[in-house]
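S.K.: Dropping in protein33.pdb, with PDB, C-alpha atoms.
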```
ATOM      1  CA  MET A   1      -7.513   8.411  -0.690
ATOM      2  CA  CYS A   2      -4.228   6.478  -0.430
ATOM      3  CA  ILE A   3      -5.048   2.797  -0.866
ATOM      4  CA  ARG A   4      -2.554   0.032  -1.446
ATOM      5  CA  THR A   5      -3.215  -1.801  -4.677
ATOM      6  CA  PHE A   6      -2.334  -5.130  -3.168
ATOM      7  CA  LEU A   7      -3.214  -6.990   0.000
ATOM      8  CA  ARG A   8      -1.215  -9.330   2.150
ATOM      9  CA  LEU A   9      -3.335 -11.812   4.051
ATOM     10  CA  CYS A  10      -1.787 -14.434   6.316
ATOM     11  CA  LEU A  11      -3.511 -17.787   6.044
ATOM     12  CA  LEU A  12      -2.195 -20.467   8.402
ATOM     13  CA  GLY A  13       1.303 -19.079   8.137
ATOM     14  CA  VAL A  14       1.171 -18.711   4.331
ATOM     15  CA  THR A  15       1.210 -15.219   2.827
ATOM     16  CA  LEU A  16      -1.461 -14.754   0.190
ATOM     17  CA  LEU A  17      -0.614 -11.919  -2.207
ATOM     18  CA  LEU A  18      -3.361 -10.715  -4.496
ATOM     19  CA  PRO A  19      -1.750 -10.163  -7.921
ATOM     20  CA  ILE A  20      -1.088  -6.527  -8.610
ATOM     21  CA  ARG A  21      -2.618  -6.780 -12.066
ATOM     22  CA  ASP A  22      -5.911  -7.883 -10.532
ATOM     23  CA  ALA A  23      -5.812  -5.077  -7.970
ATOM     24  CA  ILE A  24      -5.102  -2.454 -10.630
ATOM     25  CA  ALA A  25      -7.801  -3.849 -12.916
ATOM     26  CA  SER A  26     -10.429  -3.645 -10.209
ATOM     27  CA  SER A  27     -12.001  -0.392  -9.107
ATOM     28  CA  PHE A  28     -11.885   0.935  -5.571
ATOM     29  CA  ASP A  29     -15.508  -0.147  -5.174
ATOM     30  CA  GLU A  30     -14.658  -3.699  -6.223
ATOM     31  CA  GLN A  31     -11.673  -3.822  -3.864
ATOM     32  CA  GLU A  32     -13.858  -2.543  -1.035
ATOM     33  CA  MET A  33     -16.572  -5.101  -1.751
ATOM     34  CA  HIS A  34     -14.069  -7.966  -1.821
ATOM     35  CA  LEU A  35     -12.501  -6.888   1.474
ATOM     36  CA  ALA A  36     -15.924  -6.523   3.061
ATOM     37  CA  GLN A  37     -16.775 -10.061   1.976
ATOM     38  CA  LEU A  38     -13.559 -11.375   3.512
ATOM     39  CA  SER A  39     -14.202  -9.486   6.735
ATOM     40  CA  GLN A  40     -17.677 -10.965   7.159
ATOM     41  CA  ASP A  41     -17.023 -14.517   5.913
ATOM     42  CA  GLU A  42     -17.189 -16.608   9.079
ATOM     43  CA  SER A  43     -15.835 -19.659   7.234
ATOM     44  CA  LEU A  44     -12.419 -17.945   7.036
ATOM     45  CA  ASP A  45      -9.850 -17.852   9.834
ATOM     46  CA  LEU A  46      -9.766 -14.854  12.149
ATOM     47  CA  VAL A  47      -6.356 -13.670  10.936
ATOM     48  CA  THR A  48      -7.670 -13.192   7.407
ATOM     49  CA  ARG A  49     -10.927 -11.586   8.526
ATOM     50  CA  ALA A  50      -9.176  -9.209  10.932
ATOM     51  CA  GLU A  51      -6.596  -8.138   8.341
ATOM     52  CA  ALA A  52      -9.319  -7.446   5.773
ATOM     53  CA  THR A  53     -11.208  -5.412   8.378
ATOM     54  CA  ARG A  54      -8.148  -3.315   9.213
ATOM     55  CA  ILE A  55      -7.508  -2.534   5.544
ATOM     56  CA  LEU A  56     -11.150  -1.517   5.103
ATOM     57  CA  GLY A  57     -10.352   1.499   7.263
ATOM     58  CA  GLN A  58      -8.787   3.030   4.129
ATOM     59  CA  PHE A  59     -12.169   2.970   2.360
ATOM     60  CA  SER A  60     -15.246   5.082   3.016
ATOM     61  CA  GLY A  61     -17.999   3.364   1.043
ATOM     62  CA  PRO A  62     -21.083   1.642   2.467
ATOM     63  CA  ASN A  63     -19.586  -1.851   2.238
ATOM     64  CA  ALA A  64     -16.627  -0.798   4.388
ATOM     65  CA  LEU A  65     -18.774   0.997   6.954
ATOM     66  CA  ILE A  66     -21.151  -1.950   7.301
ATOM     67  CA  ALA A  67     -18.373  -4.529   7.613
ATOM     68  CA  ILE A  68     -16.394  -2.503  10.155
ATOM     69  CA  GLY A  69     -19.537  -1.767  12.149
ATOM     70  CA  ARG A  70     -20.389  -5.457  12.289
ATOM     71  CA  ALA A  71     -16.837  -6.291  13.323
ATOM     72  CA  SER A  72     -17.097  -3.808  16.215
ATOM     73  CA  ARG A  73     -20.076  -5.825  17.513
ATOM     74  CA  SER A  74     -18.509  -9.229  16.910
ATOM     75  CA  LEU A  75     -18.312 -11.755  19.745
ATOM     76  CA  LYS A  76     -14.642 -12.254  18.781
ATOM     77  CA  PRO A  77     -12.297  -9.790  20.540
ATOM     78  CA  GLN A  78      -9.889  -9.991  17.593
ATOM     79  CA  MET A  79     -12.570  -8.620  15.283
ATOM     80  CA  ARG A  80     -13.496  -5.811  17.678
ATOM     81  CA  ILE A  81      -9.825  -4.824  17.889
ATOM     82  CA  ALA A  82      -9.561  -4.931  14.089
ATOM     83  CA  ALA A  83     -12.583  -2.641  13.860
ATOM     84  CA  ILE A  84     -10.883  -0.195  16.226
ATOM     85  CA  GLN A  85      -7.721  -0.310  14.114
ATOM     86  CA  ALA A  86      -9.787   0.355  10.996
ATOM     87  CA  ALA A  87     -11.586   3.299  12.591
ATOM     88  CA  ALA A  88      -8.231   4.693  13.751
ATOM     89  CA  GLN A  89      -7.694   5.668  10.101
ATOM     90  CA  TRP A  90     -10.868   7.776  10.071
ATOM     91  CA  ASN A  91     -11.301  11.383  11.094
ATOM     92  CA  GLY A  92     -13.187  13.058  13.929
ATOM     93  CA  PRO A  93     -16.743  12.015  14.829
ATOM     94  CA  ALA A  94     -16.757   8.849  12.707
ATOM     95  CA  ARG A  95     -13.768   7.464  14.605
ATOM     96  CA  TRP A  96     -15.270   8.457  17.943
ATOM     97  CA  ASP A  97     -18.685   6.990  17.177
ATOM     98  CA  LEU A  98     -17.277   3.549  16.449
ATOM     99  CA  VAL A  99     -14.482   3.374  19.039
ATOM    100  CA  SER A 100     -15.983   5.077  22.125
ATOM    101  CA  PRO A 101     -18.603   2.359  22.846
ATOM    102  CA  LEU A 102     -15.689  -0.082  23.209
ATOM    103  CA  LEU A 103     -14.001   1.924  25.983
ATOM    104  CA  ASP A 104     -15.804  -0.174  28.585
ATOM    105  CA  ASP A 105     -15.532  -3.454  26.681
ATOM    106  CA  ALA A 106     -15.355  -6.494  28.957
ATOM    107  CA  ASN A 107     -12.182  -7.620  27.205
ATOM    108  CA  ARG A 108      -9.200  -5.645  28.525
ATOM    109  CA  GLN A 109      -7.306  -5.834  25.223
ATOM    110  CA  VAL A 110     -10.261  -4.322  23.404
ATOM    111  CA  SER A 111     -10.795  -1.512  25.917
ATOM    112  CA  THR A 112      -7.060  -0.781  25.909
ATOM    113  CA  ALA A 113      -7.043  -0.574  22.113
ATOM    114  CA  ALA A 114      -9.958   1.872  22.301
ATOM    115  CA  VAL A 115      -8.151   4.117  24.790
ATOM    116  CA  MET A 116      -4.882   4.001  22.831
ATOM    117  CA  THR A 117      -6.703   4.883  19.608
ATOM    118  CA  LEU A 118      -8.633   7.869  20.976
ATOM    119  CA  LEU A 119      -6.074   9.361  23.367
ATOM    120  CA  PRO A 120      -3.726  10.778  20.680
ATOM    121  CA  HIS A 121      -6.623  12.979  19.502
ATOM    122  CA  TRP A 122      -7.241  14.510  22.932
ATOM    123  CA  SER A 123      -6.162  17.993  21.878
ATOM    124  CA  GLN A 124      -8.723  18.065  19.055
ATOM    125  CA  MET A 125     -11.600  16.835  21.231
ATOM    126  CA  THR A 126     -14.398  18.935  22.654
ATOM    127  CA  LYS A 127     -14.979  18.956  26.410
ATOM    128  CA  VAL A 128     -17.844  16.480  26.024
ATOM    129  CA  TYR A 129     -15.584  13.906  24.381
ATOM    130  CA  ARG A 130     -12.753  14.527  26.853
ATOM    131  CA  ASP A 131     -15.058  14.076  29.818
ATOM    132  CA  LYS A 132     -16.173  10.744  28.370
ATOM    133  CA  LEU A 133     -12.641   9.520  27.625
ATOM    134  CA  SER A 134     -10.906  10.873  30.733
ATOM    135  CA  PRO A 135     -11.933   8.252  33.337
ATOM    136  CA  TYR A 136     -11.052   5.372  31.025
ATOM    137  CA  ALA A 137      -7.702   6.913  30.111
ATOM    138  CA  LYS A 138      -6.819   7.670  33.731
ATOM    139  CA  SER A 139      -7.852   4.179  34.829
ATOM    140  CA  TYR A 140      -5.686   2.592  32.160
ATOM    141  CA  LEU A 141      -2.671   4.817  32.830
ATOM    142  CA  SER A 142      -2.895   4.445  36.616
ATOM    143  CA  ASN A 143      -2.880   0.664  36.383
ATOM    144  CA  LEU A 144       0.235   0.383  34.276
ATOM    145  CA  PRO A 145       3.108  -1.633  35.783
ATOM    146  CA  ASN A 146       5.814   0.392  37.501
ATOM    147  CA  ASP A 147       8.514  -0.709  35.082
ATOM    148  CA  LEU A 148      10.248   0.829  32.086
ATOM    149  CA  GLU A 149       7.462  -0.006  29.643
ATOM    150  CA  GLY A 150       4.844   1.284  32.028
ATOM    151  CA  GLN A 151       6.664   4.572  32.558
ATOM    152  CA  LEU A 152       7.064   5.081  28.829
ATOM    153  CA  ILE A 153       3.357   4.527  28.191
ATOM    154  CA  ALA A 154       2.391   6.724  31.155
ATOM    155  CA  ALA A 155       4.582   9.541  29.823
ATOM    156  CA  TRP A 156       3.006   9.115  26.401
ATOM    157  CA  GLY A 157      -0.404   9.429  28.054
ATOM    158  CA  ASP A 158       0.657  12.551  29.939
ATOM    159  CA  GLN A 159       1.879  14.101  26.695
ATOM    160  CA  ALA A 160      -1.269  13.164  24.787
ATOM    161  CA  MET A 161      -3.454  14.762  27.458
ATOM    162  CA  GLY A 162      -1.417  17.965  27.357
ATOM    163  CA  ASN A 163       0.575  17.449  30.546
ATOM    164  CA  LEU A 164       3.982  18.051  28.965
ATOM    165  CA  ASP A 165       5.651  19.066  32.225
ATOM    166  CA  GLY A 166       4.435  15.879  33.888
ATOM    167  CA  ALA A 167       5.670  13.759  30.974
ATOM    168  CA  GLU A 168       9.025  15.549  31.031
ATOM    169  CA  GLN A 169       9.484  15.054  34.768
ATOM    170  CA  ARG A 170       8.521  11.395  34.523
ATOM    171  CA  LEU A 171      10.952  10.684  31.694
ATOM    172  CA  GLN A 172      13.749  12.730  33.273
ATOM    173  CA  ALA A 173      13.507  10.617  36.416
ATOM    174  CA  THR A 174      13.271   7.425  34.388
ATOM    175  CA  TYR A 175      16.279   8.363  32.254
ATOM    176  CA  GLN A 176      18.387   9.169  35.303
ATOM    177  CA  HIS A 177      17.557   5.757  36.740
ATOM    178  CA  ASN A 178      17.799   3.883  33.456
ATOM    179  CA  PRO A 179      19.420   5.714  30.487
ATOM    180  CA  ASP A 180      17.849   3.327  27.998
ATOM    181  CA  ALA A 181      17.709   4.377  24.339
ATOM    182  CA  ARG A 182      13.916   4.029  24.337
ATOM    183  CA  VAL A 183      13.674   6.464  27.233
ATOM    184  CA  ALA A 184      15.929   8.925  25.423
ATOM    185  CA  LEU A 185      13.682   8.730  22.359
ATOM    186  CA  GLY A 186      10.508   9.390  24.313
ATOM    187  CA  TYR A 187      12.178  12.066  26.434
ATOM    188  CA  SER A 188      13.434  13.837  23.304
ATOM    189  CA  LYS A 189       9.964  13.913  21.747
ATOM    190  CA  VAL A 190       8.538  15.462  24.913
ATOM    191  CA  LEU A 191      11.317  18.065  25.084
ATOM    192  CA  VAL A 192      10.669  19.096  21.492
ATOM    193  CA  ALA A 193       6.935  19.309  22.141
ATOM    194  CA  ASN A 194       7.732  21.424  25.207
ATOM    195  CA  ASN A 195       9.782  23.849  23.061
ATOM    196  CA  LYS A 196      13.173  22.626  24.286
ATOM    197  CA  PRO A 197      14.857  21.397  21.080
ATOM    198  CA  GLN A 198      18.397  22.161  22.246
ATOM    199  CA  GLN A 199      17.927  20.012  25.354
ATOM    200  CA  ALA A 200      16.556  17.278  23.115
ATOM    201  CA  GLN A 201      19.615  17.512  20.875
ATOM    202  CA  ASP A 202      21.989  17.383  23.861
ATOM    203  CA  LEU A 203      20.126  14.378  25.270
ATOM    204  CA  LEU A 204      20.270  12.443  22.002
ATOM    205  CA  GLU A 205      23.940  13.193  21.412
ATOM    206  CA  GLU A 206      24.715  11.992  24.945
ATOM    207  CA  SER A 207      22.653   8.854  24.442
ATOM    208  CA  LEU A 208      24.443   8.122  21.172
ATOM    209  CA  THR A 209      27.739   7.937  23.055
ATOM    210  CA  HIS A 210      26.249   4.925  24.865
ATOM    211  CA  PHE A 211      24.335   3.509  21.871
ATOM    212  CA  PRO A 212      26.375   4.474  18.784
ATOM    213  CA  LYS A 213      24.647   1.845  16.637
ATOM    214  CA  SER A 214      21.116   3.007  17.401
ATOM    215  CA  ALA A 215      19.424   3.922  14.136
ATOM    216  CA  ALA A 216      16.388   5.135  16.081
ATOM    217  CA  LEU A 217      18.470   7.670  18.021
ATOM    218  CA  TYR A 218      20.093   9.008  14.855
ATOM    219  CA  HIS A 219      16.695   9.258  13.172
ATOM    220  CA  GLU A 220      15.253  11.182  16.107
ATOM    221  CA  LEU A 221      18.322  13.447  16.113
ATOM    222  CA  GLY A 222      17.670  14.147  12.438
ATOM    223  CA  ARG A 223      14.094  15.107  13.272
ATOM    224  CA  VAL A 224      15.219  17.441  16.061
ATOM    225  CA  LEU A 225      17.881  19.101  13.923
ATOM    226  CA  LEU A 226      15.380  19.592  11.110
ATOM    227  CA  ALA A 227      13.011  21.283  13.568
ATOM    228  CA  LYS A 228      15.878  23.598  14.511
ATOM    229  CA  GLY A 229      16.456  24.497  10.859
ATOM    230  CA  GLU A 230      19.825  22.706  10.653
ATOM    231  CA  SER A 231      19.126  20.909   7.387
ATOM    232  CA  ALA A 232      22.676  19.736   6.609
ATOM    233  CA  ALA A 233      23.198  18.263  10.078
ATOM    234  CA  SER A 234      19.726  16.748   9.904
ATOM    235  CA  ARG A 235      20.528  15.081   6.579
ATOM    236  CA  ASN A 236      23.719  13.598   8.039
ATOM    237  CA  ALA A 237      21.815  12.165  11.004
ATOM    238  CA  TYR A 238      19.129  10.707   8.732
ATOM    239  CA  GLN A 239      21.872   9.191   6.570
ATOM    240  CA  LYS A 240      23.448   7.448   9.568
ATOM    241  CA  ALA A 241      20.083   6.066  10.629
ATOM    242  CA  TYR A 242      19.509   4.749   7.106
ATOM    243  CA  GLN A 243      23.004   3.256   6.874
ATOM    244  CA  ILE A 244      22.598   1.442  10.191
ATOM    245  CA  ASP A 245      19.146   0.076   9.357
ATOM    246  CA  THR A 246      18.130  -0.018   5.701
ATOM    247  CA  THR A 247      15.039  -2.141   6.435
ATOM    248  CA  LEU A 248      12.789   0.537   7.923
ATOM    249  CA  GLU A 249      10.847   2.468   5.298
ATOM    250  CA  GLN A 250      10.585   5.607   7.429
ATOM    251  CA  TYR A 251      14.369   5.908   7.769
ATOM    252  CA  ALA A 252      14.839   5.521   4.018
ATOM    253  CA  PHE A 253      12.016   7.925   3.193
ATOM    254  CA  ASP A 254      13.136  10.697   5.531
ATOM    255  CA  TYR A 255      16.711  10.395   4.263
ATOM    256  CA  ALA A 256      15.499  10.557   0.663
ATOM    257  CA  LEU A 257      13.497  13.726   1.336
ATOM    258  CA  ALA A 258      16.451  15.317   3.129
ATOM    259  CA  LEU A 259      18.711  14.421   0.184
ATOM    260  CA  GLN A 260      16.569  15.798  -2.648
ATOM    261  CA  ASP A 261      18.144  19.242  -2.935
ATOM    262  CA  ASP A 262      21.764  18.034  -2.923
ATOM    263  CA  ASP A 263      21.304  14.836  -4.922
ATOM    264  CA  PRO A 264      17.830  14.531  -6.459
ATOM    265  CA  GLN A 265      18.720  11.427  -8.472
ATOM    266  CA  ALA A 266      19.857   9.570  -5.359
ATOM    267  CA  SER A 267      16.722  10.749  -3.578
ATOM    268  CA  LEU A 268      14.521   9.480  -6.412
ATOM    269  CA  HIS A 269      16.341   6.150  -6.468
ATOM    270  CA  ILE A 270      15.509   5.523  -2.819
ATOM    271  CA  ILE A 271      11.887   6.591  -3.243
ATOM    272  CA  GLU A 272      11.490   4.422  -6.348
ATOM    273  CA  SER A 273      12.850   1.444  -4.411
ATOM    274  CA  LEU A 274      10.360   2.069  -1.617
ATOM    275  CA  TYR A 275       7.498   2.229  -4.094
ATOM    276  CA  ALA A 276       8.639  -0.939  -5.865
ATOM    277  CA  GLN A 277       8.705  -2.803  -2.545
ATOM    278  CA  SER A 278       5.420  -1.584  -1.107
ATOM    279  CA  LEU A 279       3.382  -0.134  -4.001
ATOM    280  CA  SER A 280       2.136   2.464  -1.516
ATOM    281  CA  PRO A 281       0.891   5.554  -3.395
ATOM    282  CA  GLN A 282       2.525   7.878  -0.842
ATOM    283  CA  TYR A 283       5.915   7.011  -2.340
ATOM    284  CA  LEU A 284       4.696   7.567  -5.890
ATOM    285  CA  TYR A 285       3.302  10.927  -4.764
ATOM    286  CA  ALA A 286       6.660  11.787  -3.171
ATOM    287  CA  LYS A 287       8.524  10.805  -6.330
ATOM    288  CA  CYS A 288       6.353  13.078  -8.466
ATOM    289  CA  GLU A 289       6.707  15.911  -5.970
ATOM    290  CA  VAL A 290      10.505  15.662  -5.880
ATOM    291  CA  MET A 291      10.593  15.657  -9.685
ATOM    292  CA  LEU A 292       8.351  18.724  -9.911
ATOM    293  CA  VAL A 293      10.268  20.648  -7.253
ATOM    294  CA  GLN A 294      13.614  19.808  -8.866
ATOM    295  CA  GLY A 295      12.435  20.672 -12.373
ATOM    296  CA  ILE A 296      12.625  17.103 -13.657
ATOM    297  CA  PHE A 297      10.122  15.958 -16.316
ATOM    298  CA  ALA A 298       7.302  14.388 -14.301
ATOM    299  CA  GLU A 299       4.448  13.775 -16.745
ATOM    300  CA  ASP A 300       4.928   9.992 -16.785
ATOM    301  CA  CYS A 301       5.075   9.962 -12.982
ATOM    302  CA  LEU A 302       1.902  12.040 -12.733
ATOM    303  CA  ALA A 303       0.148   9.663 -15.125
ATOM    304  CA  ASP A 304       1.129   6.738 -12.887
ATOM    305  CA  LEU A 305      -0.064   8.675  -9.846
ATOM    306  CA  THR A 306      -3.417   9.320 -11.527
ATOM    307  CA  GLN A 307      -3.811   5.596 -12.176
ATOM    308  CA  ALA A 308      -2.776   4.627  -8.646
ATOM    309  CA  THR A 309      -4.938   7.237  -6.903
ATOM    310  CA  SER A 310      -7.067   9.682  -8.866
ATOM    311  CA  GLN A 311      -6.756  12.524 -11.346
ATOM    312  CA  GLU A 312      -7.656  14.949  -8.577
ATOM    313  CA  VAL A 313      -4.618  13.961  -6.501
ATOM    314  CA  ALA A 314      -2.275  14.515  -9.433
ATOM    315  CA  LEU A 315      -3.875  17.859 -10.303
ATOM    316  CA  LEU A 316      -3.654  19.075  -6.708
ATOM    317  CA  LEU A 317       0.025  18.144  -6.594
ATOM    318  CA  ARG A 318       0.687  20.030  -9.803
ATOM    319  CA  GLU A 319      -1.175  23.098  -8.490
ATOM    320  CA  LYS A 320       0.709  22.913  -5.190
ATOM    321  CA  ASN A 321       4.033  22.945  -7.007
ATOM    322  CA  GLN A 322       3.000  25.865  -9.231
ATOM    323  CA  GLN A 323       1.990  27.890  -6.187
ATOM    324  CA  GLN A 324       5.428  27.315  -4.648
ATOM    325  CA  LEU A 325       7.345  28.428  -7.741
ATOM    326  CA  PRO A 326       9.106  31.795  -7.369
ATOM    327  CA  LYS A 327       7.239  34.627  -9.047
ATOM    328  CA  ASP A 328       8.900  36.990 -11.466
TER
END
```
Show how you would write the structure in this file as structure tokens.
M.R.:
Amino acid sequence: MCIRTFLRLCLLGVTLLLPIRDAIASSFDEQEMHLAQLSQDESLDLVTRAEATRILGQFSGPNALIAIGRASRSLKPQMRIAAIQAAAQWNGPARWDLVSPLLDDANRQVSTAAVMTLLPHWSQMTKVYRDKLSPYAKSYLSNLPNDLEGQLIAAWGDQAMGNLDGAEQRLQATYQHNPDARVALGYSKVLVANNKPQQAQDLLEESLTHFPKSAALYHELGRVLLAKGESAASRNAYQKAYQIDTTLEQYAFDYALALQDDDPQASLHIIESLYAQSLSPQYLYAKCEVMLVQGIFAEDCLADLTQATSQEVALLLREKNQQQLPKD
């Protein structure tokens, strides 16, 4: 399980950072227990309690489940929303069991959060779950404002519920009326999902003539080109996105992965910087994987990965790399 070894909690505008040495020294069970205590401590401010509750979604022990369950029944809407955000990190029935009772919550923000959390999983749901979610989703989507934001969310809802043609038509009309970069991004994603990658590429390249400094457009173009198998062009697009905006982790990470074959050291440098800034194990995992794939000594990296996650994660990564090696 990927769990950050530090926590940022905002207390009255002051960021409280738990020392990394304390986080590393404590076990997952101890971290979970401490977060559960923060979540349920009514003497603390809601910001702290809600943040602790959200992070508990990365844990699966009894303390996490009890604290998140209690938060979902809290009289405070902020805590119910935090519980939804925690459960969003779970899989299948567990997520549904906690979030679905909040679909008809009296607080509109809570019910909206419930719909927005469950709707992306529509395609994996059984008919029973879909029938339960459908009226709430349709009610929410039909009451959206008839503006740009509303059209974007409505198209996202259409796509989530499998109505790709409807989402495409909606965004095509919206883009013709307002060729905003955000519309182009959403429209491109729908075109790719609807097996029209060339149209998505043409759309993004046109939009970039109007918004040449849009890192988001270049990043999406990189994603589309990668889906088309054009790795060199994809890498160039990812590079431009990263050069325009070096602050977004996703831009840096995707560029680093695209760069690994041509310049593994540069790729590792970016990934190491991301890990140093966030201490997120996904970046340590990626570093080890790049080293293994590129034939770089990775034992020290794998030892760090074992400490940050578990021995099983490191062993599975090693086995995955061995399976991908060419056979004589």
S.K.: Find the spatial neighbours of segment 185-200 of chain A, counting only C-alpha atoms, within a cut-off of 9 Å - ignore same-chain residues fewer than 5 positions away - and output them as a ChimeraX atom specification.
M.R.: /A:152,155-156,159,164-165,167-168,170-172,175,180,205,216-217,220-221,224-225,227-228
S.K.: With only C-alpha atoms as the counted atoms, please give the residues lying no more than 8 Å from Val115 of chain A, apart from itself and same-chain residues fewer than 6 positions off, as an MDAnalysis selection string.
M.R.: chainID A and resid 103 133 136:137 140
S.K.: To one decimal place, how far is atom CA of Val99 of chain A from atom CA of Ile84 of chain A in Å?
M.R.: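 Distance reported for this atom pair: 5.8 Å.
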S.K.: Quick one: what's the axis-aligned box for segment 241-255 of chain A, all listed atoms, 6 Å on every side, centre and edges in Å to one decimal, as JSON?
M.R.:
```
{"center_x": 16.8, "center_y": 4.3, "center_z": 6.9, "size_x": 24.4, "size_y": 24.8, "size_z": 19.4}
```
S.K.: Quick one, how far is atom CA of Gln58 of chain A from atom CA of Ala308 of chain A?
M.R.: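 Atom CA of Ala308 of chain A lies 14.2 Å from atom CA of Gln58 of chain A.
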S.K.: Which residues, written as a list in words, have at least one atom at most 10 Å from Gly69 of chain A, with only C-alpha atoms counted and residues fewer than 4 positions away on the same chain left out?
M.R.: Thr53, Asn63, Ala64, Leu65, Arg73, Ser74, Arg80, Ala83, Ile84, Ala87, Leu98 and Val99 of chain A
